[in-house]
Every structure is written in C-alpha cells, then in structure tokens.
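Participant: Have a peek at final28.cif (mmCIF, C-alpha atoms).
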data_structure
loop_
_atom_site.label_atom_id
_atom_site.label_comp_id
_atom_site.auth_asym_id
_atom_site.auth_seq_id
_atom_site.Cartn_x
_atom_site.Cartn_y
_atom_site.Cartn_z
CA MET A 1 23.62 10.31 14.19
CA GLN A 2 22.51 9.23 10.74
CA LYS A 3 22.47 11.83 8.01
CA ARG A 4 19.33 12.35 5.93
CA LEU A 5 20.17 10.87 2.53
CA LYS A 6 19.90 13.00 -0.55
CA ILE A 7 17.39 11.27 -2.77
CA ASN A 8 18.71 10.54 -6.19
CA MET A 9 15.67 10.80 -8.45
CA SER A 10 17.06 8.04 -10.62
CA VAL A 11 16.41 5.55 -7.79
CA LYS A 12 13.67 3.37 -9.25
CA GLY A 13 13.87 0.28 -7.08
CA GLN A 14 12.26 0.06 -3.69
CA LEU A 15 14.08 -0.56 -0.42
CA LEU A 16 12.22 -3.08 1.75
CA VAL A 17 13.33 -3.08 5.36
CA ILE A 18 12.14 -6.23 7.12
CA SER A 19 12.30 -6.83 10.88
CA GLY A 20 10.54 -8.92 13.47
CA PRO A 21 11.16 -10.80 16.71
CA SER A 22 13.16 -14.01 16.59
CA GLY A 23 10.77 -16.88 15.97
CA ALA A 24 8.52 -14.78 13.70
CA GLY A 25 10.14 -16.56 10.76
CA LYS A 26 11.44 -13.50 8.89
CA GLY A 27 14.43 -15.45 7.56
CA THR A 28 12.20 -18.09 5.97
CA VAL A 29 9.86 -15.44 4.55
CA CYS A 30 12.76 -13.45 3.03
CA LYS A 31 14.25 -16.61 1.51
CA ALA A 32 10.94 -17.54 -0.17
CA LEU A 33 10.49 -13.95 -1.32
CA LEU A 34 13.94 -13.96 -2.97
CA GLN A 35 13.34 -17.30 -4.66
CA GLN A 36 10.10 -16.11 -6.25
CA ASN A 37 10.99 -12.53 -7.18
CA ASP A 38 13.76 -10.51 -8.77
CA ILE A 39 14.85 -8.88 -5.52
CA TRP A 40 18.37 -8.40 -4.20
CA ILE A 41 19.15 -8.93 -0.52
CA SER A 42 21.73 -6.74 1.11
CA VAL A 43 24.52 -8.47 3.04
CA SER A 44 25.88 -6.74 6.15
CA ALA A 45 29.52 -6.10 6.92
CA THR A 46 30.87 -7.12 10.32
CA THR A 47 34.11 -7.11 12.27
CA ARG A 48 33.27 -10.29 14.17
CA SER A 49 34.93 -13.57 13.19
CA PRO A 50 33.07 -15.97 10.91
CA ARG A 51 31.30 -18.83 12.69
CA VAL A 52 31.50 -22.39 11.39
CA GLY A 53 29.54 -22.65 8.14
CA GLU A 54 29.30 -18.89 7.53
CA VAL A 55 30.29 -17.85 4.03
CA GLU A 56 31.88 -14.52 3.02
CA GLY A 57 29.43 -12.46 0.96
CA ILE A 58 26.49 -14.74 1.80
CA ASN A 59 26.12 -14.40 5.57
CA TYR A 60 28.34 -11.35 6.00
CA PHE A 61 31.20 -9.44 4.51
CA PHE A 62 33.92 -10.01 7.10
CA VAL A 63 36.18 -6.97 7.45
CA ASN A 64 38.71 -5.92 10.04
CA ARG A 65 38.15 -3.11 12.51
CA ASP A 66 40.40 -0.60 10.71
CA GLU A 67 38.62 -1.17 7.42
CA PHE A 68 35.22 -0.82 9.12
CA LEU A 69 36.21 2.45 10.83
CA LYS A 70 37.51 3.83 7.52
CA ARG A 71 34.21 3.01 5.88
CA ILE A 72 32.33 4.77 8.69
CA ASP A 73 34.45 7.86 7.96
CA LYS A 74 33.66 7.60 4.26
CA ASP A 75 29.92 7.52 5.15
CA ASP A 76 29.63 4.11 3.50
CA PHE A 77 26.98 2.67 5.86
CA LEU A 78 23.24 3.16 5.73
CA GLU A 79 23.39 2.29 9.43
CA TYR A 80 25.88 0.60 11.74
CA ALA A 81 26.09 -0.44 15.37
CA GLU A 82 28.61 -1.83 17.81
CA VAL A 83 27.34 -4.90 19.67
CA TYR A 84 29.51 -6.62 22.31
CA GLY A 85 32.63 -5.06 20.82
CA ASN A 86 31.88 -6.02 17.21
CA PHE A 87 30.68 -3.68 14.48
CA TYR A 88 27.82 -4.52 12.14
CA GLY A 89 26.76 -2.28 9.25
CA THR A 90 24.70 -2.07 6.07
CA PRO A 91 26.91 -1.02 3.11
CA LYS A 92 25.28 1.93 1.40
CA SER A 93 26.89 2.17 -2.04
CA LYS A 94 25.89 -1.32 -3.22
CA VAL A 95 22.29 -0.89 -2.01
CA PHE A 96 21.89 2.32 -4.00
CA GLU A 97 23.64 0.92 -7.05
CA VAL A 98 21.04 -1.88 -7.17
CA LEU A 99 18.12 0.48 -6.45
CA GLU A 100 19.28 2.76 -9.27
CA GLN A 101 19.19 -0.23 -11.63
CA GLY A 102 15.47 -0.40 -10.81
CA ARG A 103 15.75 -3.57 -8.77
CA ASP A 104 14.11 -3.87 -5.35
CA VAL A 105 16.35 -4.48 -2.34
CA ILE A 106 15.60 -6.28 0.93
CA LEU A 107 17.32 -5.48 4.20
CA GLU A 108 16.59 -8.07 6.87
CA ILE A 109 17.65 -6.13 9.90
CA ASP A 110 17.08 -5.67 13.64
CA ILE A 111 14.71 -3.01 14.93
CA GLN A 112 17.35 -0.50 16.04
CA GLY A 113 18.98 -0.66 12.59
CA ALA A 114 15.61 -0.35 10.84
CA LEU A 115 14.69 2.75 12.82
CA LYS A 116 18.04 4.38 11.96
CA ILE A 117 17.38 3.68 8.28
CA LYS A 118 13.88 5.10 8.61
CA SER A 119 15.32 8.44 9.78
CA ALA A 120 17.84 8.48 6.96
CA TYR A 121 15.65 7.08 4.17
CA PRO A 122 11.91 7.28 4.97
CA GLU A 123 11.19 6.38 1.30
CA GLY A 124 11.93 2.79 2.29
CA ILE A 125 9.07 0.38 2.94
CA PHE A 126 9.23 -0.78 6.54
CA ILE A 127 7.65 -4.19 7.14
CA PHE A 128 7.34 -5.93 10.49
CA ILE A 129 6.87 -9.72 10.50
CA LEU A 130 4.78 -11.03 13.39
CA PRO A 131 4.19 -14.53 14.69
CA PRO A 132 0.52 -15.63 14.64
CA SER A 133 0.47 -15.61 18.47
CA MET A 134 2.81 -15.67 21.46
CA GLU A 135 1.89 -19.35 21.97
CA GLU A 136 3.03 -20.13 18.44
CA LEU A 137 6.22 -18.08 18.94
CA LYS A 138 6.95 -20.02 22.14
CA SER A 139 6.38 -23.31 20.39
CA ARG A 140 8.63 -22.32 17.45
CA ILE A 141 11.47 -21.27 19.76
CA THR A 142 11.03 -24.38 21.96
CA ASN A 143 11.07 -26.69 18.93
CA ARG A 144 14.54 -25.48 18.01
CA GLY A 145 15.59 -27.44 21.09
CA SER A 146 18.47 -25.11 21.84
CA GLU A 147 16.89 -23.16 24.68
CA THR A 148 17.05 -23.64 28.44
CA PRO A 149 13.96 -22.55 30.42
CA GLU A 150 15.84 -19.36 31.38
CA SER A 151 16.95 -18.48 27.85
CA LEU A 152 13.42 -19.25 26.55
CA LYS A 153 11.98 -16.82 29.10
CA THR A 154 14.54 -14.15 28.12
CA ARG A 155 13.79 -14.59 24.41
CA LEU A 156 10.04 -14.41 24.90
CA GLU A 157 10.39 -11.26 26.97
CA ALA A 158 12.62 -9.77 24.28
CA ALA A 159 10.02 -10.73 21.65
CA TYR A 160 7.29 -8.92 23.64
CA ASP A 161 9.43 -5.79 23.79
CA GLU A 162 10.21 -6.03 20.08
CA ILE A 163 6.58 -6.48 19.03
CA SER A 164 5.72 -3.13 20.61
CA PHE A 165 7.96 -1.52 17.95
CA ALA A 166 5.72 -2.78 15.14
CA SER A 167 3.82 0.51 15.41
CA LYS A 168 6.89 2.35 14.03
CA TYR A 169 6.69 0.37 10.78
CA ASP A 170 4.56 0.97 7.68
CA TYR A 171 3.20 -2.55 7.39
CA ALA A 172 2.72 -5.55 9.67
CA VAL A 173 2.52 -9.03 8.18
CA VAL A 174 1.47 -11.98 10.32
CA ASN A 175 3.49 -15.04 9.34
CA ASP A 176 0.92 -17.77 9.79
CA GLU A 177 1.69 -19.57 6.53
CA VAL A 178 4.93 -18.61 4.77
CA GLU A 179 3.34 -18.55 1.29
CA ASP A 180 0.58 -16.29 2.55
CA ALA A 181 3.07 -13.90 4.16
CA VAL A 182 5.11 -13.84 0.93
CA LYS A 183 2.00 -12.99 -1.10
CA LYS A 184 1.20 -10.14 1.26
CA ILE A 185 4.70 -8.70 0.89
CA GLU A 186 4.48 -9.06 -2.90
CA SER A 187 1.18 -7.16 -2.75
CA ILE A 188 2.82 -4.44 -0.65
CA ILE A 189 5.60 -4.10 -3.26
CA THR A 190 3.06 -3.88 -6.11
CA ALA A 191 0.83 -1.42 -4.25
CA GLU A 192 3.75 0.84 -3.31
CA LYS A 193 4.63 1.11 -7.01
CA CYS A 194 1.16 2.58 -7.59
CA ARG A 195 1.38 5.19 -4.81
CA VAL A 196 0.71 8.57 -6.34
CA PHE A 197 3.14 10.55 -4.18
CA LYS A 198 5.98 8.32 -5.39
CA ILE A 199 5.17 8.23 -9.09
CA LYS A 200 3.25 11.36 -9.96
CA ASP A 201 6.09 13.33 -11.56
CA GLU A 202 7.18 10.51 -13.81
CA LEU A 203 3.70 9.16 -14.45
CA LEU A 204 1.73 12.35 -15.01
CA GLY A 205 4.51 13.68 -17.22
CA ARG A 206 3.47 11.07 -19.77
CA TYR A 207 0.13 12.67 -20.59
CA MET B 1 -20.20 21.23 2.92
CA GLN B 2 -19.59 17.59 3.79
CA LYS B 3 -19.38 16.66 7.45
CA ARG B 4 -16.42 14.70 8.74
CA LEU B 5 -17.80 11.22 9.44
CA LYS B 6 -17.48 9.73 12.88
CA ILE B 7 -15.51 6.56 12.41
CA ASN B 8 -17.23 3.56 13.85
CA MET B 9 -14.41 1.30 15.01
CA SER B 10 -16.46 -1.73 14.03
CA VAL B 11 -15.93 -0.81 10.36
CA LYS B 12 -13.74 -3.63 9.12
CA GLY B 13 -14.24 -3.45 5.37
CA GLN B 14 -12.38 -1.01 3.17
CA LEU B 15 -13.98 1.68 1.03
CA LEU B 16 -12.38 1.84 -2.43
CA VAL B 17 -13.14 5.01 -4.32
CA ILE B 18 -12.33 4.61 -8.01
CA SER B 19 -12.26 7.43 -10.56
CA GLY B 20 -10.62 8.17 -13.87
CA PRO B 21 -11.22 9.99 -17.15
CA SER B 22 -13.71 8.53 -19.59
CA GLY B 23 -11.88 6.10 -21.87
CA ALA B 24 -9.57 4.92 -19.05
CA GLY B 25 -11.72 1.81 -18.76
CA LYS B 26 -12.67 2.09 -15.09
CA GLY B 27 -16.05 0.45 -15.71
CA THR B 28 -14.42 -2.64 -17.23
CA VAL B 29 -11.82 -2.79 -14.46
CA CYS B 30 -14.49 -2.51 -11.72
CA LYS B 31 -16.60 -5.21 -13.37
CA ALA B 32 -13.66 -7.65 -13.52
CA LEU B 33 -12.73 -6.78 -9.93
CA LEU B 34 -16.26 -7.58 -8.72
CA GLN B 35 -16.38 -10.86 -10.64
CA GLN B 36 -13.14 -12.07 -9.06
CA ASN B 37 -13.51 -10.80 -5.49
CA ASP B 38 -16.05 -10.60 -2.69
CA ILE B 39 -16.57 -6.85 -3.02
CA TRP B 40 -19.83 -4.93 -3.02
CA ILE B 41 -20.35 -2.02 -5.42
CA SER B 42 -22.38 0.93 -4.26
CA VAL B 43 -25.23 2.06 -6.52
CA SER B 44 -26.01 5.79 -6.68
CA ALA B 45 -29.40 7.38 -6.23
CA THR B 46 -30.59 9.88 -8.84
CA THR B 47 -33.59 12.05 -9.61
CA ARG B 48 -33.11 11.76 -13.35
CA SER B 49 -35.37 9.50 -15.41
CA PRO B 50 -34.14 6.02 -16.32
CA ARG B 51 -32.70 5.67 -19.83
CA VAL B 52 -33.59 2.74 -22.05
CA GLY B 53 -32.02 -0.41 -20.64
CA GLU B 54 -31.23 1.03 -17.22
CA VAL B 55 -32.35 -1.16 -14.34
CA GLU B 56 -33.47 0.05 -10.89
CA GLY B 57 -30.92 -0.98 -8.25
CA ILE B 58 -28.32 -1.97 -10.86
CA ASN B 59 -27.57 1.28 -12.70
CA TYR B 60 -29.20 3.64 -10.20
CA PHE B 61 -31.82 3.88 -7.54
CA PHE B 62 -34.35 6.19 -9.20
CA VAL B 63 -36.03 8.45 -6.65
CA ASN B 64 -38.13 11.58 -6.97
CA ARG B 65 -36.88 15.03 -6.05
CA ASP B 66 -38.84 15.25 -2.77
CA GLU B 67 -37.49 11.92 -1.60
CA PHE B 68 -33.93 12.96 -2.55
CA LEU B 69 -34.21 16.28 -0.68
CA LYS B 70 -35.57 14.47 2.40
CA ARG B 71 -32.59 12.13 2.33
CA ILE B 72 -30.20 15.09 2.08
CA ASP B 73 -31.85 16.48 5.24
CA LYS B 74 -31.46 13.12 6.98
CA ASP B 75 -27.71 13.21 6.09
CA ASP B 76 -28.13 9.99 4.15
CA PHE B 77 -25.55 10.75 1.40
CA LEU B 78 -21.81 10.27 1.56
CA GLU B 79 -21.77 12.91 -1.20
CA TYR B 80 -24.27 14.34 -3.63
CA ALA B 81 -24.32 16.85 -6.48
CA GLU B 82 -26.82 18.54 -8.75
CA VAL B 83 -25.89 18.23 -12.45
CA TYR B 84 -28.07 19.87 -15.14
CA GLY B 85 -31.00 19.98 -12.72
CA ASN B 86 -30.77 16.35 -11.61
CA PHE B 87 -29.46 15.12 -8.27
CA TYR B 88 -26.99 12.27 -7.94
CA GLY B 89 -25.86 10.89 -4.59
CA THR B 90 -24.08 8.01 -2.84
CA PRO B 91 -26.35 6.47 -0.16
CA LYS B 92 -24.42 6.36 3.10
CA SER B 93 -26.28 3.89 5.32
CA LYS B 94 -25.97 0.90 2.97
CA VAL B 95 -22.25 1.54 2.35
CA PHE B 96 -21.49 1.52 6.08
CA GLU B 97 -23.74 -1.44 6.74
CA VAL B 98 -21.66 -3.49 4.26
CA LEU B 99 -18.32 -2.11 5.58
CA GLU B 100 -19.35 -3.05 9.13
CA GLN B 101 -19.95 -6.61 7.92
CA GLY B 102 -16.26 -6.63 7.00
CA ARG B 103 -16.87 -6.58 3.26
CA ASP B 104 -15.00 -4.17 0.99
CA VAL B 105 -17.03 -1.64 -0.98
CA ILE B 106 -16.29 0.01 -4.33
CA LEU B 107 -17.56 3.42 -5.31
CA GLU B 108 -17.02 4.16 -9.00
CA ILE B 109 -17.48 7.88 -8.95
CA ASP B 110 -16.51 11.14 -10.67
CA ILE B 111 -13.63 13.23 -9.37
CA GLN B 112 -15.70 15.91 -7.65
CA GLY B 113 -17.64 13.25 -5.77
CA ALA B 114 -14.46 11.40 -4.85
CA LEU B 115 -12.85 14.54 -3.44
CA LYS B 116 -15.93 15.25 -1.31
CA ILE B 117 -15.75 11.70 0.06
CA LYS B 118 -12.04 12.15 0.74
CA SER B 119 -12.76 15.13 3.02
CA ALA B 120 -15.51 13.23 4.84
CA TYR B 121 -13.84 9.81 4.98
CA PRO B 122 -10.06 9.95 4.40
CA GLU B 123 -9.84 6.32 5.60
CA GLY B 124 -11.07 5.37 2.13
CA ILE B 125 -8.61 4.14 -0.50
CA PHE B 126 -8.63 6.55 -3.42
CA ILE B 127 -7.58 4.97 -6.72
CA PHE B 128 -7.27 6.78 -10.05
CA ILE B 129 -7.42 4.69 -13.23
CA LEU B 130 -5.30 6.06 -16.09
CA PRO B 131 -5.17 5.17 -19.78
CA PRO B 132 -1.75 3.93 -20.97
CA SER B 133 -1.35 7.11 -23.06
CA MET B 134 -3.35 9.97 -24.55
CA GLU B 135 -3.03 8.29 -27.97
CA GLU B 136 -4.61 5.13 -26.58
CA LEU B 137 -7.33 7.18 -24.87
CA LYS B 138 -8.08 8.92 -28.17
CA SER B 139 -8.23 5.63 -29.99
CA ARG B 140 -10.55 4.09 -27.35
CA ILE B 141 -12.94 7.03 -27.47
CA THR B 142 -12.83 7.14 -31.31
CA ASN B 143 -13.53 3.40 -31.58
CA ARG B 144 -16.81 3.83 -29.73
CA GLY B 145 -17.90 5.54 -32.96
CA SER B 146 -20.26 7.87 -31.15
CA GLU B 147 -18.13 11.02 -31.27
CA THR B 148 -18.04 13.92 -33.72
CA PRO B 149 -14.63 15.62 -34.21
CA GLU B 150 -15.85 18.43 -31.89
CA SER B 151 -17.14 16.15 -29.14
CA LEU B 152 -13.94 14.09 -29.39
CA LYS B 153 -11.88 17.24 -28.89
CA THR B 154 -14.04 18.26 -25.90
CA ARG B 155 -13.73 14.83 -24.30
CA LEU B 156 -9.97 14.70 -24.75
CA GLU B 157 -9.60 18.16 -23.23
CA ALA B 158 -11.80 17.07 -20.33
CA ALA B 159 -9.64 13.94 -19.91
CA TYR B 160 -6.48 16.10 -19.74
CA ASP B 161 -8.06 18.23 -17.03
CA GLU B 162 -9.21 15.17 -15.13
CA ILE B 163 -5.81 13.44 -15.24
CA SER B 164 -4.28 16.39 -13.39
CA PHE B 165 -6.47 15.41 -10.40
CA ALA B 166 -4.71 12.04 -10.11
CA SER B 167 -2.28 13.68 -7.69
CA LYS B 168 -5.12 14.03 -5.15
CA TYR B 169 -5.56 10.26 -5.02
CA ASP B 170 -3.64 7.65 -3.00
CA TYR B 171 -2.92 5.31 -5.89
CA ALA B 172 -2.73 5.54 -9.68
CA VAL B 173 -3.24 2.41 -11.77
CA VAL B 174 -2.50 2.45 -15.49
CA ASN B 175 -5.07 0.34 -17.31
CA ASP B 176 -2.95 -1.16 -20.06
CA GLU B 177 -4.29 -4.70 -19.70
CA VAL B 178 -7.49 -5.10 -17.64
CA GLU B 179 -6.22 -8.22 -15.83
CA ASP B 180 -3.03 -6.44 -14.88
CA ALA B 181 -4.95 -3.41 -13.56
CA VAL B 182 -7.24 -5.72 -11.55
CA LYS B 183 -4.23 -7.49 -10.01
CA LYS B 184 -2.76 -4.14 -9.01
CA ILE B 185 -6.00 -3.10 -7.30
CA GLU B 186 -6.18 -6.48 -5.54
CA SER B 187 -2.62 -5.89 -4.33
CA ILE B 188 -3.58 -2.44 -3.06
CA ILE B 189 -6.49 -3.97 -1.11
CA THR B 190 -4.22 -6.63 0.42
CA ALA B 191 -1.45 -4.14 1.24
CA GLU B 192 -3.85 -1.67 2.86
CA LYS B 193 -5.02 -4.46 5.19
CA CYS B 194 -1.40 -4.74 6.42
CA ARG B 195 -0.95 -1.02 7.10
CA VAL B 196 0.14 -0.60 10.67
CA PHE B 197 -1.73 2.63 11.34
CA LYS B 198 -4.98 0.90 10.43
CA ILE B 199 -4.54 -2.35 12.32
CA LYS B 200 -2.20 -1.71 15.21
CA ASP B 201 -4.80 -1.54 17.98
CA GLU B 202 -6.54 -4.71 16.98
CA LEU B 203 -3.39 -6.54 15.88
CA LEU B 204 -0.98 -5.63 18.65
CA GLY B 205 -3.69 -6.28 21.25
CA ARG B 206 -3.31 -9.97 20.37
CA TYR B 207 0.13 -10.37 21.87
#
Output the file's structure in the form of structure tokens.
Facilitator:
Amino acid sequence: MQKRLKINMSVKGQLLVISGPSGAGKGTVCKALLQQNDIWISVSATTRSPRVGEVEGINYFFVNRDEFLKRIDKDDFLEYAEVYGNFYGTPKSKVFEVLEQGRDVILEIDIQGALKIKSAYPEGIFIFILPPSMEELKSRITNRGSETPESLKTRLEAAYDEISFASKYDYAVVNDEVEDAVKKIESIITAEKCRVFKIKDELLGRY
Amino acid sequence: MQKRLKINMSVKGQLLVISGPSGAGKGTVCKALLQQNDIWISVSATTRSPRVGEVEGINYFFVNRDEFLKRIDKDDFLEYAEVYGNFYGTPKSKVFEVLEQGRDVILEIDIQGALKIKSAYPEGIFIFILPPSMEELKSRITNRGSETPESLKTRLEAAYDEISFASKYDYAVVNDEVEDAVKKIESIITAEKCRVFKIKDELLGRY
C-alpha cells in the first residue's frame, strides 16, 4: 500500500504523470515535450538486466535485487511493482528534489503505476494519451512489423482495456499530430499553474 | 435565487466568466482575446439610459423596465441585479444558442454576477484577472487622471475587497503583460477541452 505523501509546501514544480496504451505514441510525445520545454523526465529503477542498446540512467537505473529491496524499506519509491520476477520503481527523492527546484517533472508510466501515484500524490497532473482511433492504433502497431496476428490481437485487446482507464485521469489528449498533442500538454501545464486552489496562498498573499 | 440550469448535452462551447477588480485590465485582456480567437462575447441588457458614445448591442442592449421585468418572469437571464435603481442582466437564450453551436462565450462580469452564474452553471470556467501588484493597480487607476484622492482611496479599498474573492474562481491570471495574460487564458481554454470529466462520454465512445 502506498503512503499518502506529506506535501512539502516548497514544491513549486508540477508532476506530470503520462500514460496511454502502446501505439498511442506517448514516447514520441514525451520526447518532443522534453526537447521544447524545461522539463525533467524521471528514470525508473529496475532489477532486470539491461537489453542491448539500453543505457544506465537513460533507459533505467539498473540495480540489484538487494539494493532495490533496501530502497523499498527506506520508502524511496513513489511506486513500484514486481513484473515477471523483476522489480520496477520510480525513485522518489530525485523527483521531489527537482520539483522543489521549481522544475516540472514527467513520469511516463503504466496505468497501474500511475494510479498508485494518484493515491499517494493527487497534486500530480494525470494525462492519458489516446490514439486518434482504434484503426489508427492497429495500423501503427502493424507498421512496426514485429507482431504476429496473435500478438497483434492480444495488444489491441490490451489497448481496449487500457483505454477504459482514461476516465481515472485528469486530462485526455488525442495524439493525432504529435505537435498538436505537445501544444495541448503545454497548455495543460500553463493552465494548471493558474489554478486558484494551487496558488491562492502564495498569490493572494502578494496583495 | 438562481435556478440550477439543466445541462443540454449538445452544449459544446465553453462559457468563460471573467472578473477582476477595476484597474486589473480585464477589458483590455478580453478585447485582445476576442481579436485573436473565435469567441463570442455576451452583451448585457440594462434598463439604464445610454451614456454618450454607448452603442446598442455593443455596450448594452438598452431595454425598458417593463420589458426587463417580463424577461425576468420568462427566466431569460443567466443572472441579473438591480444597482441604484437600474437593472442589469445577462441574456440566457443567446449565450446557450452560441454555446450549442460549439463556439466559446465570454462573460465579462462583476463578482456578484459571476458567483450567481457559478451556482447556476458550475460547468463554466471562472477566471479572475489580477493586477501584478497593488502598487501597479494604484498607478493604473491614478494614470486615468479621473480620480480625486478620496475616490482613489475608495477604489483601492474596493479592489482589496474584490481580490479576496479570487479564491472562489477556478483560475487566477495575473495581467502583467496583456499578451501573456491572453496566452494563459488561451491555454486554460485548450486545457479545459482536454478535461476527462467533461469529454469522457463523447471521447471514450469513439473506441
């Protein structure tokens, strides 16, 4: 069970939690968002072995099982999960260090992880990236060329299930054109910085 | 007492309700917003006489008292108030006609009116425009040259009182530079169109 985080009032940055079914293009959208804005993306820790081409600190922080379990005990994960015998987790201390500096942070994370973070830190901004249509999703997954008819069917069914979770998020952004989706997320970031319930103490104290 | 409006699900446009103390520059911000976006601004009806330079349908719809009272009976105002013996009201039918066409609508309105609309139509987006500081507000009001020291004092005190109502709004936008304030409001409009609770039925029905 995740603990409810104590909110440090000095946290000025915003935590953006971004999910979506595979094929929605959330990776591409996050990459473009990072290129065009001063946002920091959180890198997960995992106990699984690096795959070919994966770089420490870019794709993951690779740690051994003992180290991971120690960090669970020290409450150093915003969320973590065990999948097929490997642990995956979002390191907490670095995320809050960056947020306290006033910089926004992105977590690109699966739905289960996002929902755990939502319980622990509802102040986050939860954004769900959607494909324009199921036909487009199918065509994007097919064009990768790496799917058999069976695995395509499985992935599309998984995508259907995942899309039903969009209703648990704050915002849904349809990724028709990447630049358009990026602009929408930038607008969400700007708008959230104007939300009265977030800023009233600091803002109204000025007058 | 205002009645809670029945929401017509065909309403696709967004109602932006904009208030702020005098000197915050909400008129200038609304004007720039209208010039740069396809938004319709609602014009109030009033029973007071036109002042020099005021144009029917631009500044106000000027109606007589009988006509105004009949329209109150027909429930044709989103909100109305009597101030120094004159009635002022926001015509409802035209606002919803435009919203149903999918166009966004601005109401630039005083705080009491805005709060009445919030009870009747909480789906609206309630934005409070703030001056960068009380010093700047004082300087803006003074530079108009139309204030005596007493009236300046009264207006500044009124502005203080009004600013405390910002916490009843959804968003607060500091009008430091007009273009910057306009961009923030445009971001709020874009972000609100991505809010899951507003779009989930229509959006998730697609998949």
Participant: Rank A:Ser44, A:Lys118, A:Glu135, A:Tyr60 by their smallest atom-to-atom distance to Lys94 (chain A), using only C-alpha atoms, and report the top residue only.
Facilitator: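 Answer, going by the shortest atom-to-atom distance: A:Ser44.
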Participant: To one decimal place in Å, what is the distance between CA of Phe62 (chain B) and CA of Ala45 (chain B)?
Facilitator: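 About the pair CA of Phe62 (chain B) and CA of Ala45 (chain B): they are 5.9 Å apart.
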Participant: Pull the closest atom pair for each residue of chain A that gets at most 6 Å from chain B, along with the distance in Å to one decimal, counting only C-alpha atoms, ordering rows by chain and then ascending residue number, as JSON lines.
Facilitator:
{"residue": "A:Met134", "atom": "CA", "partner": "B:Tyr207", "partner_atom": "CA", "distance": 6.0}
{"residue": "A:Asp170", "atom": "CA", "partner": "B:Val196", "partner_atom": "CA", "distance": 5.6}
{"residue": "A:Tyr171", "atom": "CA", "partner": "B:Arg195", "partner_atom": "CA", "distance": 4.4}
{"residue": "A:Ala172", "atom": "CA", "partner": "B:Cys194", "partner_atom": "CA", "distance": 5.3}
{"residue": "A:Ser187", "atom": "CA", "partner": "B:Ser187", "partner_atom": "CA", "distance": 4.3}
{"residue": "A:Ile188", "atom": "CA", "partner": "B:Ala191", "partner_atom": "CA", "distance": 4.7}
{"residue": "A:Ala191", "atom": "CA", "partner": "B:Ile188", "partner_atom": "CA", "distance": 4.7}
{"residue": "A:Cys194", "atom": "CA", "partner": "B:Tyr171", "partner_atom": "CA", "distance": 5.2}
{"residue": "A:Arg195", "atom": "CA", "partner": "B:Tyr171", "partner_atom": "CA", "distance": 4.4}
{"residue": "A:Val196", "atom": "CA", "partner": "B:Tyr171", "partner_atom": "CA", "distance": 4.9}
{"residue": "A:Tyr207", "atom": "CA", "partner": "B:Met134", "partner_atom": "CA", "distance": 5.9}
Participant: Find the distance between CA of Gln101 (chain B) and CA of Leu34 (chain B) and write it in Å to one decimal.
Facilitator: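 Between these atoms lies a distance of 17.1 Å.
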Participant: From the options B:Ile125, B:Tyr80, B:Asp176, B:Ile18, which residue's atoms come nearest to Arg140 (chain B), counting all atoms listed in the file?
Facilitator: B:Asp176
